[in-house]
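Just work13.cif here, mmCIF, C-alpha atoms:
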data_model
loop_
_atom_site.label_atom_id
_atom_site.label_comp_id
_atom_site.auth_asym_id
_atom_site.auth_seq_id
_atom_site.Cartn_x
_atom_site.Cartn_y
_atom_site.Cartn_z
CA MET J 1068 0.00 0.00 0.00
CA LEU J 1069 1.18 3.51 -0.82
CA VAL J 1070 0.42 6.86 0.80
CA TYR J 1071 -0.08 9.86 -1.46
CA ASN J 1072 0.62 13.04 0.51
CA ILE J 1073 -0.05 16.59 -0.67
CA THR J 1074 1.44 19.35 1.46
CA PHE J 1075 -0.20 22.76 1.17
CA GLN J 1076 1.19 26.08 2.36
CA VAL J 1077 -1.76 28.46 2.59
CA ASP J 1078 -1.88 32.21 3.14
CA PHE J 1079 -3.16 32.74 6.69
CA ASN J 1080 -6.18 34.76 5.48
CA GLU J 1081 -7.27 31.97 3.10
CA ALA J 1082 -6.76 29.00 5.44
CA ARG J 1083 -10.40 28.66 6.49
CA ASN J 1084 -11.65 28.85 2.88
CA PHE J 1085 -9.01 26.39 1.79
CA VAL J 1086 -9.99 23.81 4.43
CA ILE J 1087 -13.66 24.11 3.43
CA TRP J 1088 -12.74 23.67 -0.26
CA ALA J 1089 -10.42 20.74 0.49
CA HIS J 1090 -13.14 18.99 2.49
CA GLN J 1091 -16.11 19.71 0.23
CA VAL J 1092 -14.41 19.44 -3.16
CA TYR J 1093 -10.96 17.83 -3.17
CA ILE J 1094 -11.59 15.01 -0.71
CA GLN J 1095 -15.20 14.42 -1.77
CA LYS J 1096 -14.46 14.16 -5.49
CA THR J 1097 -11.34 12.08 -4.94
CA LEU J 1098 -13.08 9.50 -2.77
CA GLU J 1099 -15.97 9.30 -5.25
CA THR J 1100 -13.56 7.93 -7.88
CA GLY J 1101 -12.82 4.89 -5.70
CA LEU J 1102 -9.17 5.06 -6.76
CA LEU J 1103 -7.80 6.63 -3.57
CA GLN J 1104 -9.04 5.77 -0.07
CA LYS J 1105 -8.86 6.86 3.56
CA ALA J 1106 -8.50 10.61 3.30
CA ARG J 1107 -6.77 12.34 6.20
CA LEU J 1108 -6.46 16.13 6.39
CA SER J 1109 -4.05 17.38 9.06
CA LYS J 1110 -2.76 20.76 10.11
CA ILE J 1111 1.04 20.88 10.21
CA LEU J 1112 2.21 22.50 13.43
CA SER J 1113 5.89 22.92 12.54
CA HIS J 1114 7.86 24.38 9.63
CA CYS J 1115 5.43 27.16 8.65
CA ASP J 1116 5.90 30.88 8.32
CA GLU J 1117 3.92 33.17 10.60
CA ASP J 1118 1.90 34.38 7.59
CA THR J 1119 0.83 30.90 6.50
CA GLU J 1120 -0.79 27.73 7.72
CA CYS J 1121 0.30 24.35 6.42
CA PHE J 1122 -1.79 21.26 5.82
CA SER J 1123 -1.16 17.68 4.83
CA LEU J 1124 -3.75 15.72 2.86
CA GLN J 1125 -3.09 11.99 2.68
CA PHE J 1126 -4.78 9.17 0.80
CA GLU J 1127 -4.00 5.48 0.58
CA VAL J 1128 -3.55 4.16 -2.93
CA GLU J 1129 -2.93 0.65 -4.23
CA SER J 1130 -0.14 1.45 -6.70
CA SER J 1131 1.58 4.23 -8.61
CA ALA J 1132 -0.37 3.11 -11.70
CA VAL J 1133 -3.67 3.71 -9.88
CA LEU J 1134 -2.38 7.07 -8.67
CA HIS J 1135 -1.50 8.02 -12.25
CA GLN J 1136 -5.00 6.98 -13.35
CA TRP J 1137 -6.53 9.22 -10.66
CA TYR J 1138 -4.23 12.12 -11.59
CA THR J 1139 -5.13 12.00 -15.28
CA LYS J 1140 -8.83 11.52 -14.50
CA LEU J 1141 -9.22 14.09 -11.70
CA GLY J 1142 -6.01 15.18 -9.95
CA LYS J 1143 -4.86 17.67 -12.59
CA GLN J 1144 -8.37 19.14 -12.73
CA LEU J 1145 -8.42 19.63 -8.94
CA HIS J 1146 -4.99 21.24 -8.99
CA ASP J 1147 -6.07 23.65 -11.74
CA GLU J 1148 -9.25 24.49 -9.80
CA MET J 1149 -7.18 25.21 -6.68
CA VAL J 1150 -4.90 27.55 -8.64
CA ALA J 1151 -7.92 29.33 -10.17
CA LEU J 1152 -9.55 29.80 -6.76
CA PHE J 1153 -6.55 30.69 -4.62
CA ASN J 1154 -3.91 31.89 -7.11
CA GLU J 1155 -0.56 32.23 -5.34
CA LYS J 1156 -2.13 32.06 -1.87
CA VAL J 1157 -1.79 28.26 -1.87
CA VAL J 1158 1.36 26.39 -2.82
CA ALA J 1159 1.38 22.59 -2.95
CA PHE J 1160 3.75 19.71 -3.50
CA SER J 1161 3.15 15.98 -3.53
CA THR J 1162 5.01 13.01 -2.08
CA LEU J 1163 4.41 9.32 -2.73
CA MET J 1164 5.40 7.09 0.16
CA GLU J 1165 5.45 3.34 0.68
CA ILE J 1166 4.20 1.93 3.98
CA ILE J 1167 6.91 -0.30 5.42
CA GLU J 1168 5.36 -1.16 8.74
CA GLU J 1169 2.21 -0.43 10.70
CA ALA J 1170 1.91 -1.25 14.37
#
Structure encoded using structure tokens:
Amino acid sequence: MLVYNITFQVDFNEARNFVIWAHQVYIQKTLETGLLQKARLSKILSHCDEDTECFSLQFEVESSAVLHQWYTKLGKQLHDEMVALFNEKVVAFSTLMEIIEEA
């Protein structure tokens, strides 16, 4: 199993709107595809500037091929929508991780 993590750095004044959008649009639409599962949205408490808030959005995904399928089907569209809504007030980068052990 893989974990797909998107880290967002959000302008402090847009943080509330971003969380609402992430919950109502990004997570909802992604889970509806059935390709990614177990969404987890977390606030990052370290490594942020005083003018921003940082968030981590994680999904479990079966394989990198399934992740690519999701990205071409919906992920690019969601990224473009985020840029259109928030412009430069939200910056994001993605990380794909492999689960080695769970206790």
*All residues 12 Å or closer to Lys1105 in chain J, only C-alpha atoms, same chain fewer than 2 positions away omitted, as a PyMOL selection string*: chain J and resi 1068-1072+1094-1095+1097-1099+1101-1103+1107-1108+1124-1129
*Determine the residue set returned by the PyMOL selection byres ((chain J and resi 1085) around 12) for the present structure, and present it as a PyMOL selection string.*
chain J and resi 1075-1084+1086-1094+1108+1110+1119-1122+1124+1148-1150+1152-1154+1156-1158
*Quick one, how far is CA of Trp1137 in chain J from CA of His1114 in chain J?*
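Going from CA of Trp1137 in chain J over to CA of His1114 in chain J, I get 29.1 Å.
Taking CA of His1135 in chain J and CA of Ile1111 in chain J as endpoints, the distance between them is 26.0 Å.
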